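Heads up, model28.txt below (compact mmCIF, C-alpha atoms):
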```txt
# COMPACT_ATOMS: atom_id res chain seq x y z
CA MET A 1 -59.31 67.41 -42.41
CA ASP A 2 -57.43 70.70 -41.98
CA ARG A 3 -54.07 71.40 -43.63
CA ARG A 4 -52.04 70.63 -40.54
CA GLY A 5 -53.86 67.33 -40.14
CA PHE A 6 -53.24 66.55 -43.79
CA ILE A 7 -49.53 67.17 -43.52
CA LYS A 8 -49.24 64.66 -40.65
CA THR A 9 -50.84 61.87 -42.69
CA GLY A 10 -49.11 59.60 -45.17
CA ALA A 11 -50.80 61.47 -48.00
CA GLY A 12 -49.45 64.76 -46.71
CA ALA A 13 -45.97 63.33 -46.36
CA PHE A 14 -46.12 62.08 -49.95
CA PHE A 15 -47.20 65.50 -51.16
CA ILE A 16 -44.26 67.18 -49.46
CA ALA A 17 -41.80 64.55 -50.67
CA SER A 18 -43.04 64.79 -54.25
CA ALA A 19 -42.46 68.54 -54.23
CA GLY A 20 -38.77 67.82 -54.80
CA SER A 21 -39.32 65.57 -57.80
CA ALA A 22 -39.46 66.40 -61.48
CA PHE A 23 -43.22 65.91 -61.36
CA GLY A 24 -43.60 68.15 -58.32
CA ALA A 25 -41.39 71.17 -57.75
CA MET A 26 -40.35 71.59 -61.36
CA ALA A 27 -43.92 71.69 -62.64
CA PRO A 28 -44.97 75.26 -63.61
CA SER A 29 -47.79 75.19 -61.08
CA ASN A 30 -45.29 74.47 -58.30
CA ARG A 31 -42.81 77.19 -59.18
CA VAL A 32 -41.97 79.41 -56.20
CA ARG A 33 -40.88 82.97 -56.88
CA LEU A 34 -38.78 84.49 -54.12
CA ALA A 35 -37.29 87.92 -53.47
CA ILE A 36 -33.95 88.20 -51.66
CA VAL A 37 -33.90 91.25 -49.39
CA GLY A 38 -30.28 92.01 -48.53
CA CYS A 39 -27.92 90.36 -51.01
CA HIS A 40 -24.45 91.89 -50.66
CA ALA A 41 -21.82 89.64 -52.25
CA ASN A 42 -19.78 89.45 -49.04
CA GLY A 43 -22.78 89.02 -46.78
CA ARG A 44 -25.05 86.32 -45.45
CA GLY A 45 -27.81 87.19 -47.93
CA PHE A 46 -25.77 86.24 -50.99
CA THR A 47 -24.94 82.88 -49.42
CA VAL A 48 -28.58 82.19 -48.59
CA MET A 49 -29.62 83.25 -52.09
CA LYS A 50 -27.26 80.66 -53.58
CA GLY A 51 -28.73 78.07 -51.22
CA ALA A 52 -32.27 78.95 -52.31
CA MET A 53 -31.27 78.48 -55.95
CA LYS A 54 -30.46 74.84 -55.15
CA VAL A 55 -34.03 74.13 -54.03
CA PRO A 56 -35.97 72.56 -56.94
CA GLY A 57 -38.59 74.85 -58.44
CA VAL A 58 -37.36 78.07 -56.80
CA GLU A 59 -36.91 81.14 -58.98
CA ILE A 60 -35.11 84.21 -57.67
CA ALA A 61 -37.58 86.70 -59.11
CA CYS A 62 -36.23 89.82 -57.40
CA VAL A 63 -33.10 91.01 -55.62
CA CYS A 64 -33.58 93.90 -53.23
CA ASP A 65 -30.80 95.86 -51.58
CA VAL A 66 -30.11 99.47 -50.61
CA ASP A 67 -26.62 98.99 -52.06
CA ARG A 68 -26.80 99.39 -55.85
CA ARG A 69 -23.63 97.33 -56.29
CA ALA A 70 -25.15 94.47 -54.29
CA ARG A 71 -28.36 94.20 -56.27
CA GLU A 72 -26.49 94.46 -59.58
CA SER A 73 -23.98 91.74 -58.69
CA ALA A 74 -26.71 89.48 -57.28
CA ALA A 75 -28.84 89.94 -60.40
CA ASP A 76 -25.84 89.16 -62.62
CA TYR A 77 -25.10 86.00 -60.62
CA VAL A 78 -28.69 84.76 -60.97
CA PHE A 79 -28.71 85.54 -64.69
CA LYS A 80 -25.46 83.68 -65.35
CA ALA A 81 -26.71 80.67 -63.39
CA THR A 82 -30.27 80.50 -64.76
CA GLY A 83 -30.51 82.64 -67.89
CA VAL A 84 -33.25 84.71 -66.25
CA LYS A 85 -32.44 88.13 -64.83
CA PRO A 86 -34.43 89.01 -61.72
CA LYS A 87 -36.00 92.37 -61.01
CA MET A 88 -33.92 94.81 -58.98
CA GLU A 89 -35.35 96.97 -56.20
CA LYS A 90 -33.95 98.91 -53.26
CA ASP A 91 -37.15 99.22 -51.19
CA LEU A 92 -38.92 96.22 -49.64
CA ARG A 93 -42.22 98.08 -49.73
CA ILE A 94 -42.15 98.03 -53.54
CA VAL A 95 -41.28 94.33 -53.57
CA LEU A 96 -44.30 93.53 -51.39
CA GLU A 97 -46.61 95.15 -53.93
CA ASP A 98 -45.53 92.65 -56.60
CA ARG A 99 -48.29 90.02 -56.90
CA GLU A 100 -45.95 87.59 -58.63
CA ILE A 101 -43.70 87.29 -55.58
CA ASP A 102 -44.65 84.30 -53.38
CA GLY A 103 -42.28 85.01 -50.54
CA ILE A 104 -39.23 86.91 -49.35
CA ILE A 105 -35.96 85.96 -47.73
CA SER A 106 -34.99 88.74 -45.32
CA GLU A 107 -31.23 88.99 -44.78
CA THR A 108 -31.21 92.56 -43.50
CA PRO A 109 -29.63 94.14 -40.41
CA ASP A 110 -31.26 93.16 -37.10
CA HIS A 111 -33.26 96.36 -36.69
CA PHE A 112 -35.25 95.51 -39.83
CA HIS A 113 -35.91 91.79 -39.27
CA ALA A 114 -39.28 92.00 -37.52
CA TYR A 115 -40.53 94.86 -39.70
CA SER A 116 -39.71 93.00 -42.92
CA ALA A 117 -41.33 89.81 -41.65
CA VAL A 118 -44.50 91.46 -40.36
CA MET A 119 -44.98 93.57 -43.49
CA ALA A 120 -44.45 90.50 -45.70
CA MET A 121 -47.00 88.44 -43.77
CA ARG A 122 -49.54 91.26 -43.92
CA ALA A 123 -48.95 91.48 -47.67
CA GLY A 124 -49.83 87.80 -48.05
CA LYS A 125 -46.25 86.64 -48.60
CA ALA A 126 -44.34 83.78 -47.03
CA VAL A 127 -41.18 84.90 -45.24
CA TYR A 128 -37.83 83.41 -44.31
CA VAL A 129 -36.14 85.77 -41.85
CA GLU A 130 -32.78 85.51 -40.14
CA LYS A 131 -32.28 85.36 -36.41
CA PRO A 132 -32.75 87.23 -34.22
CA CYS A 133 -36.22 87.63 -35.71
CA CYS A 134 -36.96 90.56 -33.42
CA PHE A 135 -35.01 93.57 -32.14
CA CYS A 136 -36.67 93.71 -28.72
CA PRO A 137 -39.14 91.52 -26.75
CA GLU A 138 -42.12 93.64 -27.84
CA GLU A 139 -41.32 93.05 -31.51
CA GLY A 140 -41.30 89.32 -30.80
CA ARG A 141 -44.80 89.57 -29.37
CA ILE A 142 -45.97 91.47 -32.46
CA LEU A 143 -44.37 88.97 -34.82
CA MET A 144 -46.06 85.99 -33.12
CA ARG A 145 -49.42 87.75 -33.11
CA VAL A 146 -49.27 88.63 -36.81
CA ALA A 147 -48.16 85.09 -37.69
CA ARG A 148 -51.20 83.71 -35.87
CA GLU A 149 -53.56 86.26 -37.38
CA THR A 150 -52.41 85.77 -40.97
CA GLY A 151 -51.56 82.07 -40.90
CA ALA A 152 -48.52 82.97 -42.98
CA VAL A 153 -45.69 80.56 -43.70
CA ILE A 154 -42.68 81.84 -41.78
CA GLN A 155 -39.30 80.25 -41.22
CA ILE A 156 -36.72 81.68 -38.78
CA GLY A 157 -33.07 81.14 -39.70
CA SER A 158 -32.21 78.58 -37.02
CA GLN A 159 -30.86 76.13 -39.58
CA ARG A 160 -29.96 73.37 -37.15
CA ARG A 161 -33.66 72.62 -36.67
CA SER A 162 -33.47 71.14 -40.19
CA SER A 163 -30.36 69.06 -39.49
CA PRO A 164 -30.98 65.30 -39.84
CA THR A 165 -28.16 64.75 -37.36
CA TYR A 166 -29.67 66.95 -34.67
CA LYS A 167 -33.20 65.69 -35.32
CA SER A 168 -32.08 62.08 -34.91
CA ALA A 169 -30.14 62.87 -31.75
CA VAL A 170 -32.93 64.87 -30.09
CA GLU A 171 -35.50 62.16 -30.86
CA TYR A 172 -33.12 59.44 -29.61
CA LEU A 173 -32.45 61.22 -26.32
CA LYS A 174 -36.15 61.64 -25.65
CA GLU A 175 -37.25 58.17 -26.76
CA THR A 176 -34.52 56.14 -25.04
CA ASP A 177 -34.03 58.17 -21.85
CA ILE A 178 -30.36 57.23 -22.27
CA ILE A 179 -29.09 60.25 -20.33
CA GLY A 180 -32.12 60.43 -18.06
CA GLU A 181 -34.14 63.53 -17.36
CA MET A 182 -32.49 66.46 -19.10
CA ARG A 183 -32.30 69.43 -16.76
CA TRP A 184 -29.42 71.73 -17.75
CA ALA A 185 -27.86 72.92 -20.99
CA LYS A 186 -24.60 74.85 -21.10
CA ALA A 187 -24.02 76.70 -24.39
CA TRP A 188 -21.19 79.01 -25.43
CA TYR A 189 -19.64 81.17 -28.13
CA MET A 190 -16.02 82.34 -28.08
CA SER A 191 -14.24 84.51 -30.64
CA ASN A 192 -11.55 87.15 -30.95
CA ARG A 193 -12.99 89.95 -33.06
CA LYS A 194 -10.81 92.89 -33.91
CA SER A 195 -11.71 96.40 -32.84
CA ILE A 196 -13.84 98.41 -35.27
CA GLY A 197 -12.02 101.58 -34.22
CA LYS A 198 -13.55 105.05 -34.17
CA GLY A 199 -15.71 105.94 -37.12
CA LYS A 200 -15.69 109.36 -38.78
CA PRO A 201 -18.71 111.24 -40.14
CA SER A 202 -18.55 111.17 -43.91
CA ALA A 203 -20.59 111.64 -47.05
CA VAL A 204 -23.01 108.83 -47.89
CA PRO A 205 -21.53 106.71 -50.73
CA GLU A 206 -23.29 107.20 -54.05
CA TRP A 207 -24.18 103.49 -54.19
CA LEU A 208 -26.05 103.50 -50.84
CA ASP A 209 -29.55 104.66 -49.91
CA TRP A 210 -28.76 105.53 -46.30
CA ASP A 211 -32.32 106.58 -45.49
CA ILE A 212 -33.86 103.22 -46.45
CA TRP A 213 -30.95 101.39 -44.82
CA GLN A 214 -31.83 103.05 -41.50
CA ALA A 215 -35.52 102.25 -42.09
CA THR A 216 -37.11 101.73 -38.65
CA ALA A 217 -34.24 103.29 -36.68
CA PRO A 218 -34.16 106.97 -35.67
CA ARG A 219 -31.98 108.89 -38.13
CA GLU A 220 -28.27 109.40 -37.62
CA GLN A 221 -25.41 110.83 -39.65
CA PHE A 222 -23.51 108.33 -41.78
CA ARG A 223 -20.14 107.18 -40.46
CA ASP A 224 -17.47 105.19 -42.24
CA ASN A 225 -17.40 102.14 -39.93
CA ILE A 226 -21.05 101.02 -39.98
CA VAL A 227 -21.96 99.56 -43.39
CA HIS A 228 -21.96 96.63 -44.16
CA TYR A 229 -21.12 94.50 -41.13
CA ASN A 230 -20.14 96.61 -38.14
CA TRP A 231 -23.75 97.69 -37.57
CA HIS A 232 -23.96 94.56 -35.38
CA TRP A 233 -22.06 96.39 -32.66
CA PHE A 234 -24.17 99.58 -32.57
CA ARG A 235 -27.29 99.69 -30.39
CA LYS A 236 -29.49 101.40 -32.97
CA TRP A 237 -29.08 98.64 -35.53
CA GLY A 238 -27.55 95.54 -33.94
CA THR A 239 -28.24 93.28 -30.98
CA SER A 240 -24.64 92.60 -29.83
CA GLU A 241 -22.68 89.40 -30.24
CA MET A 242 -25.36 87.78 -28.09
CA GLY A 243 -28.00 88.54 -30.72
CA ASN A 244 -25.61 87.63 -33.49
CA ASN A 245 -24.54 84.17 -32.32
CA ALA A 246 -26.35 83.06 -29.16
CA PRO A 247 -29.65 82.22 -30.94
CA HIS A 248 -28.07 79.18 -32.61
CA PHE A 249 -27.18 77.15 -29.55
CA VAL A 250 -29.71 78.51 -27.08
CA ASP A 251 -32.25 77.27 -29.63
CA VAL A 252 -30.59 73.85 -29.74
CA SER A 253 -30.58 73.86 -25.93
CA ARG A 254 -34.31 74.63 -25.73
CA TRP A 255 -35.03 71.99 -28.36
CA ALA A 256 -33.03 69.25 -26.65
CA LEU A 257 -34.47 70.03 -23.21
CA GLY A 258 -37.99 70.02 -24.64
CA ILE A 259 -38.67 73.56 -23.45
CA ASP A 260 -41.62 75.23 -25.15
CA SER A 261 -42.00 78.33 -22.99
CA PHE A 262 -40.31 81.57 -22.15
CA PRO A 263 -38.01 81.62 -19.10
CA GLU A 264 -39.24 82.50 -15.62
CA SER A 265 -36.17 84.59 -14.92
CA VAL A 266 -33.01 85.84 -16.61
CA THR A 267 -29.82 86.82 -14.79
CA SER A 268 -26.78 88.10 -16.67
CA SER A 269 -23.46 89.67 -15.83
CA GLY A 270 -20.62 90.92 -17.98
CA GLY A 271 -19.60 94.11 -19.68
CA LYS A 272 -17.18 95.67 -22.07
CA LEU A 273 -14.18 93.96 -20.56
CA PHE A 274 -11.73 93.68 -23.45
CA ASP A 275 -12.56 96.09 -26.27
CA LYS A 276 -11.47 99.55 -25.15
CA GLY A 277 -11.46 102.78 -27.09
CA GLY A 278 -13.50 101.75 -30.14
CA ASP A 279 -17.11 102.32 -31.20
CA PHE A 280 -18.24 98.86 -30.07
CA GLU A 281 -21.27 99.85 -27.97
CA TRP A 282 -22.31 96.51 -26.46
CA PRO A 283 -20.76 94.35 -23.76
CA ASP A 284 -18.22 91.97 -25.25
CA THR A 285 -18.54 89.37 -22.47
CA PHE A 286 -21.66 87.72 -21.02
CA ASN A 287 -22.45 85.03 -18.46
CA THR A 288 -26.20 84.43 -18.54
CA SER A 289 -28.67 82.06 -16.86
CA PHE A 290 -32.19 81.36 -18.13
CA VAL A 291 -34.37 79.61 -15.54
CA TYR A 292 -37.42 77.70 -16.81
CA PRO A 293 -40.44 76.09 -15.14
CA GLY A 294 -39.82 72.63 -13.74
CA GLY A 295 -36.32 73.41 -12.55
CA ARG A 296 -34.68 73.43 -15.97
CA LEU A 297 -31.78 75.75 -16.72
CA ILE A 298 -29.90 77.08 -19.75
CA THR A 299 -26.63 78.94 -19.28
CA PHE A 300 -24.77 80.79 -22.00
CA GLU A 301 -21.21 82.13 -21.91
CA LEU A 302 -19.79 84.44 -24.54
CA THR A 303 -16.78 86.56 -25.25
CA CYS A 304 -15.91 88.16 -28.56
CA HIS A 305 -12.76 90.25 -27.98
CA CYS A 306 -10.61 87.81 -26.06
CA ASN A 307 -8.17 85.01 -26.75
CA GLU A 308 -10.38 82.14 -27.86
CA LYS A 309 -10.34 79.32 -25.32
CA PRO A 310 -12.94 76.78 -26.43
CA PHE A 311 -14.87 74.13 -24.51
CA MET A 312 -14.94 70.58 -25.90
CA GLY A 313 -12.37 71.77 -28.44
CA VAL A 314 -14.82 74.03 -30.27
CA ALA A 315 -15.58 77.76 -30.15
CA THR A 316 -19.35 77.25 -30.00
CA GLY A 317 -21.71 74.45 -29.05
CA ALA A 318 -23.96 73.10 -26.32
CA MET A 319 -23.69 70.38 -23.67
CA VAL A 320 -26.99 69.01 -22.39
CA TYR A 321 -26.86 67.34 -18.97
CA GLY A 322 -29.28 64.68 -17.77
CA THR A 323 -29.59 62.63 -14.59
CA LYS A 324 -27.71 59.71 -16.20
CA GLY A 325 -25.30 61.36 -18.65
CA ALA A 326 -24.77 64.20 -21.10
CA ALA A 327 -24.98 64.99 -24.81
CA PHE A 328 -22.67 67.31 -26.74
CA PHE A 329 -24.04 69.19 -29.76
CA GLY A 330 -21.14 70.46 -31.85
CA PRO A 331 -20.97 73.15 -34.55
CA SER A 332 -19.91 70.67 -37.23
CA ASP A 333 -23.36 69.05 -37.20
CA ASP A 334 -22.16 66.34 -34.83
CA VAL A 335 -23.55 64.93 -31.59
CA LYS A 336 -21.87 62.77 -28.94
CA VAL A 337 -23.59 61.06 -26.00
CA PHE A 338 -21.75 60.23 -22.76
CA ASP A 339 -22.78 58.09 -19.80
CA GLU A 340 -22.40 58.95 -16.10
CA ASP A 341 -18.71 58.04 -16.24
CA SER A 342 -18.11 60.32 -19.26
CA LYS A 343 -17.73 57.29 -21.53
CA LEU A 344 -18.75 57.90 -25.16
CA ILE A 345 -21.70 55.61 -25.89
CA ARG A 346 -23.28 57.00 -29.07
CA GLU A 347 -22.45 59.58 -31.73
CA TRP A 348 -23.81 61.07 -34.93
CA SER A 349 -21.89 62.90 -37.65
CA ALA A 350 -22.76 65.14 -40.56
CA ALA A 351 -21.19 62.66 -42.97
CA ALA A 352 -23.46 59.88 -41.73
CA SER A 353 -26.55 62.08 -41.95
CA SER A 354 -25.84 63.15 -45.52
CA ALA A 355 -24.89 59.71 -46.82
CA GLY A 356 -26.79 59.06 -50.03
CA SER A 357 -28.07 62.63 -50.14
CA ASN A 358 -27.64 65.06 -53.01
CA THR A 359 -27.29 67.86 -50.44
CA PRO A 360 -24.07 67.47 -48.43
CA ILE A 361 -24.23 68.84 -44.91
CA SER A 362 -21.84 71.61 -43.98
CA THR A 363 -19.25 70.44 -41.48
CA THR A 364 -18.24 73.87 -40.26
CA ASN A 365 -21.29 76.09 -39.76
CA PRO A 366 -25.03 76.40 -40.55
CA THR A 367 -24.47 77.39 -44.17
CA ALA A 368 -24.30 75.39 -47.39
CA GLY A 369 -26.07 72.07 -46.76
CA LEU A 370 -28.02 73.16 -43.69
CA ASP A 371 -29.16 76.33 -45.45
CA VAL A 372 -30.47 74.24 -48.34
CA LEU A 373 -32.29 71.85 -46.01
CA HIS A 374 -33.87 74.70 -44.03
CA LEU A 375 -34.88 76.55 -47.20
CA THR A 376 -36.28 73.33 -48.67
CA ASN A 377 -38.53 72.93 -45.63
CA PHE A 378 -39.64 76.56 -46.05
CA VAL A 379 -40.45 76.11 -49.74
CA GLU A 380 -42.25 72.79 -49.18
CA CYS A 381 -44.45 74.38 -46.51
CA LEU A 382 -45.09 77.35 -48.80
CA ARG A 383 -46.27 75.02 -51.57
CA ALA A 384 -48.47 73.01 -49.23
CA LYS A 385 -49.74 76.15 -47.47
CA VAL A 386 -48.69 74.69 -44.12
CA SER A 387 -47.56 77.32 -41.63
CA ARG A 388 -45.73 74.97 -39.27
CA THR A 389 -42.17 75.11 -40.56
CA ASN A 390 -39.19 73.62 -38.70
CA THR A 391 -38.64 76.97 -36.94
CA ASP A 392 -41.93 78.84 -37.04
CA ALA A 393 -42.70 82.19 -35.40
CA GLU A 394 -43.45 80.69 -31.98
CA GLN A 395 -40.20 78.73 -31.73
CA GLY A 396 -38.15 81.41 -33.45
CA VAL A 397 -39.25 84.15 -31.09
CA LYS A 398 -38.83 82.01 -27.97
CA SER A 399 -35.17 81.52 -28.89
CA SER A 400 -34.47 84.92 -30.49
CA VAL A 401 -35.71 86.81 -27.46
CA LEU A 402 -33.26 85.09 -25.08
CA PRO A 403 -30.13 87.06 -26.07
CA LEU A 404 -32.20 90.24 -26.07
CA LEU A 405 -33.23 89.52 -22.49
CA ALA A 406 -29.58 88.86 -21.65
CA ASN A 407 -28.70 92.27 -23.08
CA ILE A 408 -31.33 93.93 -20.89
CA ALA A 409 -30.38 92.02 -17.72
CA THR A 410 -26.70 92.86 -18.23
CA ASP A 411 -27.49 96.54 -18.81
CA VAL A 412 -29.68 96.94 -15.71
CA GLY A 413 -27.65 94.63 -13.46
CA GLU A 414 -30.75 92.95 -12.05
CA THR A 415 -32.67 89.72 -12.58
CA LEU A 416 -35.59 89.91 -15.01
CA HIS A 417 -38.81 88.07 -14.13
CA LEU A 418 -41.22 86.91 -16.83
CA ASP A 419 -44.50 85.14 -17.37
CA PRO A 420 -43.26 81.88 -18.96
CA VAL A 421 -46.47 81.52 -21.00
CA THR A 422 -46.62 84.98 -22.57
CA GLY A 423 -43.04 86.20 -22.16
CA ALA A 424 -44.31 89.42 -20.60
CA SER A 425 -42.37 91.09 -17.82
CA THR A 426 -43.82 90.51 -14.36
CA SER A 427 -41.74 93.26 -12.77
CA ARG A 428 -40.68 96.77 -13.67
CA VAL A 429 -37.00 95.82 -14.04
CA GLY A 430 -35.80 96.87 -17.48
CA ALA A 431 -39.35 97.76 -18.55
CA ASP A 432 -38.14 100.76 -20.54
CA LYS A 433 -36.00 98.41 -22.68
CA TRP A 434 -38.80 95.97 -23.58
CA ALA A 435 -39.77 98.05 -26.63
CA ARG A 436 -37.83 100.38 -28.92
CA GLU A 437 -38.01 103.80 -30.55
CA TYR A 438 -38.99 103.97 -34.22
CA GLU A 439 -38.41 106.53 -36.91
CA LYS A 440 -41.70 108.27 -37.72
CA GLY A 441 -43.48 106.45 -40.53
CA TRP A 442 -41.67 103.15 -39.84
CA GLU A 443 -43.51 102.12 -36.67
CA LEU A 444 -44.40 98.48 -36.08
CA ALA A 445 -47.61 97.54 -34.28
```
The structure in this file should be written as structure tokens.
Amino acid sequence: MDRRGFIKTGAGAFFIASAGSAFGAMAPSNRVRLAIVGCHANGRGFTVMKGAMKVPGVEIACVCDVDRRARESAADYVFKATGVKPKMEKDLRIVLEDREIDGIISETPDHFHAYSAVMAMRAGKAVYVEKPCCFCPEEGRILMRVARETGAVIQIGSQRRSSPTYKSAVEYLKETDIIGEMRWAKAWYMSNRKSIGKGKPSAVPEWLDWDIWQATAPREQFRDNIVHYNWHWFRKWGTSEMGNNAPHFVDVSRWALGIDSFPESVTSSGGKLFDKGGDFEWPDTFNTSFVYPGGRLITFELTCHCNEKPFMGVATGAMVYGTKGAAFFGPSDDVKVFDEDSKLIREWSAAASSAGSNTPISTTNPTAGLDVLHLTNFVECLRAKVSRTNTDAEQGVKSSVLPLLANIATDVGETLHLDPVTGASTSRVGADKWAREYEKGWELA
């Protein structure tokens, strides 16, 4: 029996379950040593690091960041919490040479996600990498290929795939046919971000290694409005608000609809409609349609510099429509099912899903409880040497690439056509945007 077959059996399930017990995860032989890559105290990486520390048997063996202040504060936090001070590095390439490191958690800017994941897999490490897991469609193809070639354990940061609430709801919808054949999902994200203004060229701060921060991206002079968060809105380093937030609920939409392919076509309109005069380089408003084989459709609407006017009373979520009703997936880890007359007939809540659990589910966003659950699945698969995590490379790329395709379609103003099996372009529209330019010495292939 192969490892995947084993994990599906009762014996495999017992092995995974026992990993969280005192006789499993806490045993020296089951210790998992992780490196956190990107751990600024005010950033996502620090939050994920704290989540990883709640997983039984996990040791934060190294903190890696180009910001000296970040790695020092992260190391101090780990030491105060555990009594063991992790190693401190600023260069992922050094971390990957450490034979004692079992895996990395990559919480870097978007332009470094695929590179960090691919290099980790090639170095024999497991990798947990945030969405979007690729910076362009070509990087997604590379990431999937390397995952298949290496058999590495990889988890993409789509935390809702580890939500008991969402899992129960998706299984229920498919098993009962309560809303009929699911054909369309409408997802959205609405916010009112402030302008980042106009940055000024300035000296690189003494605490920052600007060269390693840029990594794969062609070199540019440092400006004072890029590090640590505003890089999202620059084309060299970020993937727009679409890349930042769309992956969450387009992934939920794909999951609920049972879609396991790339789209056949992508049409998107929008532009920089609200943010004027600042350095924000991407469109701030999108209206995108992803058409899939079998007549299934996902639409996504987004605005990030406008007065927030939510649907269903929330700023982000997804509504899945079937032939006999609809299901609402909310951001607070809640699901509501409606019949043809819009009558509420079934619902799930985060509180119900976490009842009796030692890991409360977050009721506001995919942090805290959902982070811990997603990381636990990653660590359990790492221990069992099972590559099929809740959001593996195949599923992660198929969702991460969608906002990138929306970016391209909006830029070129034409419909993109794809091979739904491979994700390759079947036309020349936007072909020059399918890949990216790399800094010499940082190429990914």
Item to check | Test item: residues at most 9 Å from Ser116 in chain A, only C-alpha atoms, excluding those fewer than 5 positions along its chain, as a ChimeraX atom specification | outcome: /A:37,92-93,104,106,108,121,127,129
Next on the checklist: For Trp210 in chain A, find every residue with an atom within 10 Å (counting all atoms listed in the file), except residues of its own chain fewer than 3 positions away, and show them as a ChimeraX atom specification.
Outcome noted: /A:66-67,204-207,213-215,219-222,227
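Taking CA of Thr288 in chain A and CA of Leu418 in chain A as the two end points, the separation is 15.3 Å.
In this structure, CA of Thr410 in chain A sits 8.9 Å away from CA of Asn287 in chain A.
Nearest to Arg254 in chain A of all the residues A:Tyr172, A:Trp434, A:Trp282, A:Phe300 is A:Phe300, based on all atoms listed in the file.
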Item to check | Distance query 6 Å from (-12.5, 83.2, -29.2) using only C-alpha atoms, result as a PyMOL selection string | outcome: chain A and resi 190-192+306-309
Next on the checklist: Can you measure CA of Gly45 in chain A to CA of Val84 in chain A for me? One decimal in Å is fine.
Outcome noted: 19.3 Å
Next on the checklist: My list of candidates is A:Val379, A:Val291, A:Ile408, A:Ala217. Which is closest to His111 in chain A when distances are computed with all atoms listed in the file?
Outcome noted: A:Ala217
Checklist entry - Which of these, A:Arg99, A:Arg160, A:His113, A:Lys54, has the shortest distance to Tyr128 in chain A once you count all atoms listed in the file? => result A:His113
Item to check | Test item: residues at most 8 Å from Arg68 in chain A, all atoms listed in the file, excluding those fewer than 3 positions along its chain, as number ranges by chain | outcome: A: 65, 71-72, 90, 207-208
Mind writing the picked residues with C-alpha atoms as a short mmCIF file (atom, residue, chain, number, x, y, z; two decimals), in the coordinates of the input?
```cif
data_model
loop_
_atom_site.label_atom_id
_atom_site.label_comp_id
_atom_site.auth_asym_id
_atom_site.auth_seq_id
_atom_site.Cartn_x
_atom_site.Cartn_y
_atom_site.Cartn_z
CA ASP A 65 -30.80 95.86 -51.58
CA ARG A 71 -28.36 94.20 -56.27
CA GLU A 72 -26.49 94.46 -59.58
CA LYS A 90 -33.95 98.91 -53.26
CA TRP A 207 -24.18 103.49 -54.19
CA LEU A 208 -26.05 103.50 -50.84
#
```
Checklist entry - At a cut-off of 12 Å from (-42.2, 96.3, -18.1) in the coordinates of the file, what residues are picked up using only C-alpha atoms, written as a count of residues only? => result 20
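The environment of range 327-341 of chain A within 7 Å, counting only C-alpha atoms and disregarding residues fewer than 4 places along the same chain, consists of A:Thr165, A:Ala169, A:Ile179, A:Thr316, A:Gly317, A:Ala318, A:Met319, A:Val320, A:Tyr321, A:Ile345, A:Arg346, A:Glu347, A:Trp348, A:Ser349, A:Ala350, A:Thr363, A:Thr364, A:Asn365.
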Atoms to include: C-alpha atoms. Write the selected residues as a short mmCIF file (atom, residue, chain, number, x, y, z; two decimals), keeping the file's coordinate frame.
```
data_model
loop_
_atom_site.label_atom_id
_atom_site.label_comp_id
_atom_site.auth_asym_id
_atom_site.auth_seq_id
_atom_site.Cartn_x
_atom_site.Cartn_y
_atom_site.Cartn_z
CA THR A 165 -28.16 64.75 -37.36
CA ALA A 169 -30.14 62.87 -31.75
CA ILE A 179 -29.09 60.25 -20.33
CA THR A 316 -19.35 77.25 -30.00
CA GLY A 317 -21.71 74.45 -29.05
CA ALA A 318 -23.96 73.10 -26.32
CA MET A 319 -23.69 70.38 -23.67
CA VAL A 320 -26.99 69.01 -22.39
CA TYR A 321 -26.86 67.34 -18.97
CA ILE A 345 -21.70 55.61 -25.89
CA ARG A 346 -23.28 57.00 -29.07
CA GLU A 347 -22.45 59.58 -31.73
CA TRP A 348 -23.81 61.07 -34.93
CA SER A 349 -21.89 62.90 -37.65
CA ALA A 350 -22.76 65.14 -40.56
CA THR A 363 -19.25 70.44 -41.48
CA THR A 364 -18.24 73.87 -40.26
CA ASN A 365 -21.29 76.09 -39.76
#
```
Item to check | Best match for closeness to Asp260 in chain A among A:Pro218, A:Gly294, A:Gly197, A:Gly413, counting all atoms listed in the file | outcome: A:Gly294
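Distances to Arg31 in chain A were evaluated for A:Phe135, A:Leu382, A:His305, A:Ile298 using all atoms listed in the file, and the minimum falls at A:Leu382.
In terms of minimum interatomic distance to Asn245 in chain A, A:Lys131 ranks closest within A:Lys276, A:Lys131, A:Lys174, A:Lys324, counting all atoms listed in the file.
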Starting from the structure just given, write a file holding range 426-430 of chain A with N, CA and C atoms, as a short mmCIF file (atom, residue, chain, number, x, y, z; two decimals), in the first residue's frame.
```cif
data_model
loop_
_atom_site.label_atom_id
_atom_site.label_comp_id
_atom_site.auth_asym_id
_atom_site.auth_seq_id
_atom_site.Cartn_x
_atom_site.Cartn_y
_atom_site.Cartn_z
N THR A 426 -4.68 29.66 -24.89
CA THR A 426 -4.96 29.12 -26.22
C THR A 426 -5.08 30.24 -27.26
N SER A 427 -4.72 31.44 -26.87
CA SER A 427 -4.69 32.57 -27.80
C SER A 427 -3.50 33.44 -27.45
N ARG A 428 -3.25 34.43 -28.24
CA ARG A 428 -2.10 35.30 -28.00
C ARG A 428 -2.46 36.49 -27.12
N VAL A 429 -3.71 36.60 -26.69
CA VAL A 429 -4.14 37.73 -25.87
C VAL A 429 -3.42 37.70 -24.53
N GLY A 430 -2.71 38.77 -24.21
CA GLY A 430 -2.01 38.88 -22.95
C GLY A 430 -0.83 37.93 -22.78
#
```
